[in-house]
Amino acid sequence: MDKLQEFQVAARGDGFVEVKDNEDGSVAWFRNALPDAETNVHKRLCVDSLTGSATVYWETAGAKLNSKTFRTASSMRAWLSLNPVR
């Protein structure tokens, strides 16, 4: 399985659903099916074929936007398991 498919499988396994695809096909956008309980905002995830990475975006209290970029699907899976939707 190629790296981008691994990211997509990991995203879907953690409750993300695909929502948008870039016209040139270089990125795939996902969002959590359920919003975070604290902010009522869905986490977003971008899988980028140009960089071979995935970035998770989320909001914390006070409307602060955060992001974390992953180079491997296994590191993303590990981080998501420690930061579930609450």
# chains A, B, ... in the order shown; residues from 1 in each chain; ligands from 1

$ select_by_dssp --residues "stretch 6-79 of chain A" --states "strand (DSSP E)" --output "short mmCIF file (atom, residue, chain, number, x, y, z; two decimals) with all heavy atoms, in the first residue's frame"
data_model
loop_
_atom_site.label_atom_id
_atom_site.label_comp_id
_atom_site.auth_asym_id
_atom_site.auth_seq_id
_atom_site.Cartn_x
_atom_site.Cartn_y
_atom_site.Cartn_z
N PHE A 16 -12.66 9.72 10.38
CA PHE A 16 -12.66 10.80 9.41
C PHE A 16 -13.38 10.36 8.14
O PHE A 16 -13.29 9.21 7.74
CB PHE A 16 -11.22 11.21 9.04
CG PHE A 16 -10.53 12.04 10.08
CD1 PHE A 16 -9.82 11.43 11.10
CD2 PHE A 16 -10.56 13.42 10.03
CE1 PHE A 16 -9.17 12.18 12.06
CE2 PHE A 16 -9.91 14.18 10.98
CZ PHE A 16 -9.20 13.56 12.00
N VAL A 17 -14.08 11.30 7.52
CA VAL A 17 -14.75 11.05 6.25
C VAL A 17 -14.24 12.06 5.23
O VAL A 17 -13.98 13.22 5.57
CB VAL A 17 -16.29 11.14 6.37
CG1 VAL A 17 -16.83 10.02 7.23
CG2 VAL A 17 -16.73 12.48 6.91
N GLU A 18 -14.09 11.62 3.98
CA GLU A 18 -13.58 12.51 2.94
C GLU A 18 -14.65 13.54 2.59
O GLU A 18 -15.82 13.21 2.44
CB GLU A 18 -13.17 11.72 1.71
CG GLU A 18 -12.36 12.53 0.73
CD GLU A 18 -11.62 11.69 -0.29
OE1 GLU A 18 -11.71 10.44 -0.23
OE2 GLU A 18 -10.95 12.28 -1.14
N VAL A 19 -14.25 14.80 2.49
CA VAL A 19 -15.22 15.87 2.23
C VAL A 19 -14.92 16.66 0.97
O VAL A 19 -15.80 17.24 0.39
CB VAL A 19 -15.35 16.85 3.41
CG1 VAL A 19 -15.98 16.17 4.59
CG2 VAL A 19 -14.01 17.46 3.78
N LYS A 20 -13.68 16.70 0.54
CA LYS A 20 -13.34 17.57 -0.58
C LYS A 20 -12.06 17.08 -1.21
O LYS A 20 -11.15 16.65 -0.53
CB LYS A 20 -13.17 18.99 -0.05
CG LYS A 20 -12.98 20.05 -1.07
CD LYS A 20 -12.92 21.41 -0.37
CE LYS A 20 -12.61 22.51 -1.31
NZ LYS A 20 -12.51 23.80 -0.63
N ASP A 21 -12.00 17.19 -2.52
CA ASP A 21 -10.78 16.81 -3.23
C ASP A 21 -10.33 18.01 -4.05
O ASP A 21 -11.15 18.68 -4.67
CB ASP A 21 -11.05 15.61 -4.14
CG ASP A 21 -9.83 14.76 -4.35
OD1 ASP A 21 -8.76 15.10 -3.84
OD2 ASP A 21 -9.96 13.74 -5.04
N VAL A 27 -4.31 16.91 -3.11
CA VAL A 27 -4.68 16.78 -1.70
C VAL A 27 -6.06 16.16 -1.58
O VAL A 27 -6.89 16.26 -2.48
CB VAL A 27 -4.67 18.13 -0.94
CG1 VAL A 27 -3.29 18.75 -0.93
CG2 VAL A 27 -5.69 19.08 -1.49
N ALA A 28 -6.28 15.52 -0.45
CA ALA A 28 -7.61 15.00 -0.11
C ALA A 28 -7.95 15.54 1.27
O ALA A 28 -7.12 15.47 2.19
CB ALA A 28 -7.62 13.47 -0.10
N TRP A 29 -9.14 16.11 1.43
CA TRP A 29 -9.59 16.67 2.70
C TRP A 29 -10.56 15.73 3.39
O TRP A 29 -11.43 15.15 2.75
CB TRP A 29 -10.26 18.02 2.48
CG TRP A 29 -9.29 19.12 2.26
CD1 TRP A 29 -8.84 19.61 1.07
CD2 TRP A 29 -8.60 19.85 3.28
NE1 TRP A 29 -7.93 20.60 1.28
CE2 TRP A 29 -7.76 20.78 2.62
CE3 TRP A 29 -8.60 19.83 4.67
CZ2 TRP A 29 -6.94 21.67 3.32
CZ3 TRP A 29 -7.79 20.71 5.36
CH2 TRP A 29 -6.98 21.62 4.69
N PHE A 30 -10.42 15.63 4.71
CA PHE A 30 -11.29 14.81 5.55
C PHE A 30 -11.73 15.64 6.73
O PHE A 30 -11.10 16.63 7.09
CB PHE A 30 -10.53 13.58 6.09
CG PHE A 30 -10.08 12.61 5.04
CD1 PHE A 30 -8.95 12.85 4.29
CD2 PHE A 30 -10.80 11.45 4.81
CE1 PHE A 30 -8.53 11.96 3.32
CE2 PHE A 30 -10.39 10.55 3.85
CZ PHE A 30 -9.26 10.80 3.11
N ARG A 31 -12.82 15.22 7.38
CA ARG A 31 -13.23 15.80 8.66
C ARG A 31 -13.74 14.66 9.53
O ARG A 31 -14.21 13.64 9.03
CB ARG A 31 -14.27 16.88 8.50
CG ARG A 31 -15.65 16.36 8.14
CD ARG A 31 -16.70 17.45 8.29
NE ARG A 31 -17.99 16.99 7.85
CZ ARG A 31 -18.83 16.25 8.56
NH1 ARG A 31 -18.51 15.85 9.77
NH2 ARG A 31 -19.99 15.87 8.06
N ASN A 32 -13.64 14.87 10.83
CA ASN A 32 -14.19 13.88 11.75
C ASN A 32 -15.70 13.82 11.58
O ASN A 32 -16.34 14.85 11.40
CB ASN A 32 -13.89 14.23 13.21
CG ASN A 32 -12.73 13.45 13.76
OD1 ASN A 32 -11.67 14.00 13.90
ND2 ASN A 32 -12.91 12.18 14.05
N ARG A 44 -10.16 18.55 11.15
CA ARG A 44 -9.95 18.43 9.71
C ARG A 44 -8.61 17.77 9.47
O ARG A 44 -7.70 17.89 10.28
CB ARG A 44 -9.96 19.80 9.02
CG ARG A 44 -11.20 20.61 9.26
CD ARG A 44 -12.34 20.08 8.46
NE ARG A 44 -13.55 20.85 8.75
CZ ARG A 44 -14.59 20.88 7.98
NH1 ARG A 44 -14.61 20.19 6.87
NH2 ARG A 44 -15.64 21.58 8.31
N LEU A 45 -8.48 17.11 8.34
CA LEU A 45 -7.25 16.43 8.00
C LEU A 45 -7.00 16.60 6.50
O LEU A 45 -7.92 16.45 5.70
CB LEU A 45 -7.36 14.94 8.34
CG LEU A 45 -6.14 14.12 7.96
CD1 LEU A 45 -5.51 13.50 9.19
CD2 LEU A 45 -6.53 13.04 7.00
N CYS A 46 -5.78 16.94 6.15
CA CYS A 46 -5.39 17.11 4.75
C CYS A 46 -4.28 16.11 4.44
O CYS A 46 -3.24 16.11 5.10
CB CYS A 46 -4.89 18.53 4.52
SG CYS A 46 -4.31 18.80 2.83
N VAL A 47 -4.50 15.26 3.46
CA VAL A 47 -3.48 14.33 2.99
C VAL A 47 -2.90 14.95 1.71
O VAL A 47 -3.63 15.18 0.75
CB VAL A 47 -4.06 12.93 2.71
CG1 VAL A 47 -3.00 12.01 2.15
CG2 VAL A 47 -4.67 12.35 3.98
N ASP A 48 -1.61 15.23 1.73
CA ASP A 48 -0.95 15.97 0.66
C ASP A 48 0.01 15.06 -0.10
O ASP A 48 1.01 14.60 0.43
CB ASP A 48 -0.20 17.15 1.27
CG ASP A 48 0.40 18.08 0.25
OD1 ASP A 48 0.60 17.68 -0.91
OD2 ASP A 48 0.69 19.22 0.63
N SER A 53 2.69 13.86 3.16
CA SER A 53 2.40 14.04 4.58
C SER A 53 0.90 14.23 4.79
O SER A 53 0.13 14.37 3.84
CB SER A 53 3.15 15.26 5.12
OG SER A 53 2.68 16.44 4.50
N ALA A 54 0.51 14.24 6.05
CA ALA A 54 -0.87 14.53 6.43
C ALA A 54 -0.82 15.52 7.59
O ALA A 54 0.04 15.43 8.46
CB ALA A 54 -1.59 13.26 6.86
N THR A 55 -1.76 16.46 7.57
CA THR A 55 -1.83 17.46 8.63
C THR A 55 -3.23 17.45 9.22
O THR A 55 -4.22 17.51 8.49
CB THR A 55 -1.51 18.87 8.10
OG1 THR A 55 -0.21 18.85 7.50
CG2 THR A 55 -1.54 19.90 9.21
N VAL A 56 -3.29 17.38 10.56
CA VAL A 56 -4.55 17.44 11.29
C VAL A 56 -4.70 18.87 11.82
O VAL A 56 -3.74 19.44 12.36
CB VAL A 56 -4.58 16.44 12.47
CG1 VAL A 56 -5.86 16.58 13.28
CG2 VAL A 56 -4.42 15.02 11.97
N TYR A 57 -5.90 19.43 11.66
CA TYR A 57 -6.23 20.77 12.16
C TYR A 57 -7.37 20.62 13.16
O TYR A 57 -8.32 19.90 12.91
CB TYR A 57 -6.69 21.68 11.02
CG TYR A 57 -5.66 21.87 9.94
CD1 TYR A 57 -5.61 21.01 8.85
CD2 TYR A 57 -4.74 22.91 10.01
CE1 TYR A 57 -4.66 21.19 7.85
CE2 TYR A 57 -3.79 23.09 9.03
CZ TYR A 57 -3.76 22.22 7.94
OH TYR A 57 -2.81 22.39 6.96
N TRP A 58 -7.28 21.33 14.29
CA TRP A 58 -8.35 21.30 15.28
C TRP A 58 -8.39 22.62 16.02
O TRP A 58 -7.44 23.40 16.00
CB TRP A 58 -8.19 20.11 16.23
CG TRP A 58 -7.07 20.24 17.22
CD1 TRP A 58 -7.17 20.64 18.53
CD2 TRP A 58 -5.68 19.96 17.00
NE1 TRP A 58 -5.93 20.62 19.11
CE2 TRP A 58 -4.99 20.22 18.20
CE3 TRP A 58 -4.94 19.54 15.90
CZ2 TRP A 58 -3.62 20.06 18.34
CZ3 TRP A 58 -3.57 19.38 16.03
CH2 TRP A 58 -2.93 19.64 17.25
N GLU A 59 -9.51 22.84 16.67
CA GLU A 59 -9.71 24.07 17.43
C GLU A 59 -9.81 23.74 18.91
O GLU A 59 -10.42 22.74 19.28
CB GLU A 59 -11.01 24.74 16.96
CG GLU A 59 -11.27 26.09 17.56
CD GLU A 59 -12.54 26.71 17.03
OE1 GLU A 59 -12.64 26.89 15.80
OE2 GLU A 59 -13.44 27.01 17.84
N THR A 60 -9.21 24.58 19.74
CA THR A 60 -9.32 24.42 21.18
C THR A 60 -10.16 25.58 21.73
O THR A 60 -10.50 26.51 21.00
CB THR A 60 -7.94 24.42 21.86
OG1 THR A 60 -7.23 25.60 21.50
CG2 THR A 60 -7.13 23.20 21.45
N LYS A 64 -8.77 28.86 19.30
CA LYS A 64 -7.37 28.78 18.86
C LYS A 64 -7.23 27.62 17.89
O LYS A 64 -7.59 26.49 18.19
CB LYS A 64 -6.46 28.58 20.07
CG LYS A 64 -5.01 28.52 19.67
CD LYS A 64 -4.10 28.30 20.86
CE LYS A 64 -2.68 28.17 20.35
NZ LYS A 64 -1.80 27.63 21.36
N LEU A 65 -6.68 27.90 16.71
CA LEU A 65 -6.46 26.88 15.69
C LEU A 65 -5.11 26.22 15.92
O LEU A 65 -4.10 26.90 16.15
CB LEU A 65 -6.52 27.49 14.30
CG LEU A 65 -6.34 26.53 13.14
CD1 LEU A 65 -7.47 25.51 13.11
CD2 LEU A 65 -6.27 27.28 11.83
N ASN A 66 -5.08 24.91 15.87
CA ASN A 66 -3.85 24.13 16.04
C ASN A 66 -3.68 23.19 14.86
O ASN A 66 -4.66 22.82 14.21
CB ASN A 66 -3.94 23.28 17.32
CG ASN A 66 -4.09 24.13 18.55
OD1 ASN A 66 -3.14 24.69 19.04
ND2 ASN A 66 -5.32 24.25 19.03
N SER A 67 -2.44 22.77 14.63
CA SER A 67 -2.20 21.79 13.57
C SER A 67 -1.00 20.93 13.93
O SER A 67 -0.13 21.35 14.71
CB SER A 67 -1.96 22.48 12.23
OG SER A 67 -0.77 23.22 12.25
N LYS A 68 -0.98 19.75 13.36
CA LYS A 68 0.14 18.83 13.55
C LYS A 68 0.31 18.06 12.25
O LYS A 68 -0.64 17.52 11.71
CB LYS A 68 -0.13 17.87 14.70
CG LYS A 68 1.03 16.93 14.97
CD LYS A 68 1.16 16.64 16.44
CE LYS A 68 2.30 15.71 16.73
NZ LYS A 68 3.58 16.37 16.76
N THR A 69 1.55 18.04 11.74
CA THR A 69 1.86 17.37 10.48
C THR A 69 2.59 16.07 10.75
O THR A 69 3.46 16.01 11.62
CB THR A 69 2.71 18.30 9.59
OG1 THR A 69 1.96 19.49 9.34
CG2 THR A 69 3.06 17.63 8.27
N PHE A 70 2.24 15.06 9.98
CA PHE A 70 2.80 13.72 10.14
C PHE A 70 3.44 13.27 8.83
O PHE A 70 2.90 13.49 7.76
CB PHE A 70 1.70 12.73 10.53
CG PHE A 70 1.00 13.12 11.79
CD1 PHE A 70 -0.15 13.89 11.74
CD2 PHE A 70 1.51 12.76 13.02
CE1 PHE A 70 -0.80 14.28 12.89
CE2 PHE A 70 0.87 13.14 14.18
CZ PHE A 70 -0.28 13.91 14.12
#

$ residues_around --residues "stretch 3-5 of chain A" --least-positions-apart "2" --cutoff "8 Å" --atoms "only C-alpha atoms" --output "PDB file with C-alpha atoms, in the first residue's frame"
ATOM      1  CA  MET A   1       0.000   0.000   0.000  1.00  0.00           C
ATOM      2  CA  PHE A   7      -2.828   7.942   5.585  1.00  0.00           C
ATOM      3  CA  GLN A   8      -6.337   7.654   4.138  1.00  0.00           C
ATOM      4  CA  VAL A   9      -6.936   4.240   5.732  1.00  0.00           C
ATOM      5  CA  VAL A  47      -3.478  14.331   2.987  1.00  0.00           C
ATOM      6  CA  ASP A  48      -0.949  15.968   0.660  1.00  0.00           C
ATOM      7  CA  SER A  49       0.558  13.950  -2.190  1.00  0.00           C
ATOM      8  CA  GLY A  52       3.841  12.891   1.273  1.00  0.00           C
ATOM      9  CA  SER A  53       2.398  14.039   4.579  1.00  0.00           C
ATOM     10  CA  THR A  72       4.088   8.511   8.485  1.00  0.00           C
ATOM     11  CA  ALA A  73       0.631   7.008   8.896  1.00  0.00           C
TER      12      ALA A  73
END

$ atom_distance --atom1 "atom CA of A:Ser26" --atom2 "atom CA of A:Asp2"
14.6 Å

$ select_by_dssp --residues "chain A" --states "helix (DSSP H, G or I)" --output "PDB file with C-alpha atoms, in the first residue's frame"
ATOM      1  CA  LYS A   3       2.020   6.078   1.722  1.00  0.00           C
ATOM      2  CA  LEU A   4      -0.996   8.223   0.804  1.00  0.00           C
ATOM      3  CA  GLN A   5      -3.378   5.269   0.957  1.00  0.00           C
ATOM      4  CA  GLU A   6      -1.959   4.419   4.390  1.00  0.00           C
ATOM      5  CA  PHE A   7      -2.828   7.942   5.585  1.00  0.00           C
ATOM      6  CA  GLN A   8      -6.337   7.654   4.138  1.00  0.00           C
ATOM      7  CA  VAL A   9      -6.936   4.240   5.732  1.00  0.00           C
ATOM      8  CA  ALA A  10      -5.685   5.569   9.096  1.00  0.00           C
ATOM      9  CA  ALA A  11      -7.951   8.629   8.781  1.00  0.00           C
ATOM     10  CA  ARG A  12     -11.036   6.555   7.987  1.00  0.00           C
ATOM     11  CA  GLY A  13     -10.193   4.153  10.819  1.00  0.00           C
ATOM     12  CA  ALA A  73       0.631   7.008   8.896  1.00  0.00           C
ATOM     13  CA  SER A  74       1.771   5.086  11.973  1.00  0.00           C
ATOM     14  CA  SER A  75       2.790   8.286  13.778  1.00  0.00           C
ATOM     15  CA  MET A  76      -0.551   9.861  12.851  1.00  0.00           C
ATOM     16  CA  ARG A  77      -2.460   6.810  14.126  1.00  0.00           C
ATOM     17  CA  ALA A  78      -0.522   6.910  17.416  1.00  0.00           C
ATOM     18  CA  TRP A  79      -1.210  10.627  17.906  1.00  0.00           C
ATOM     19  CA  LEU A  80      -4.909  10.252  17.050  1.00  0.00           C
ATOM     20  CA  SER A  81      -5.256   7.428  19.562  1.00  0.00           C
ATOM     21  CA  LEU A  82      -3.926   9.792  22.250  1.00  0.00           C
TER      22      LEU A  82
END

$ atom_distance --atom1 "atom CA of A:Arg71" --atom2 "atom CA of A:Asp36"
24.1 Å

$ atom_distance --atom1 "atom CA of A:Asp14" --atom2 "atom CA of A:Ala61"
22.1 Å
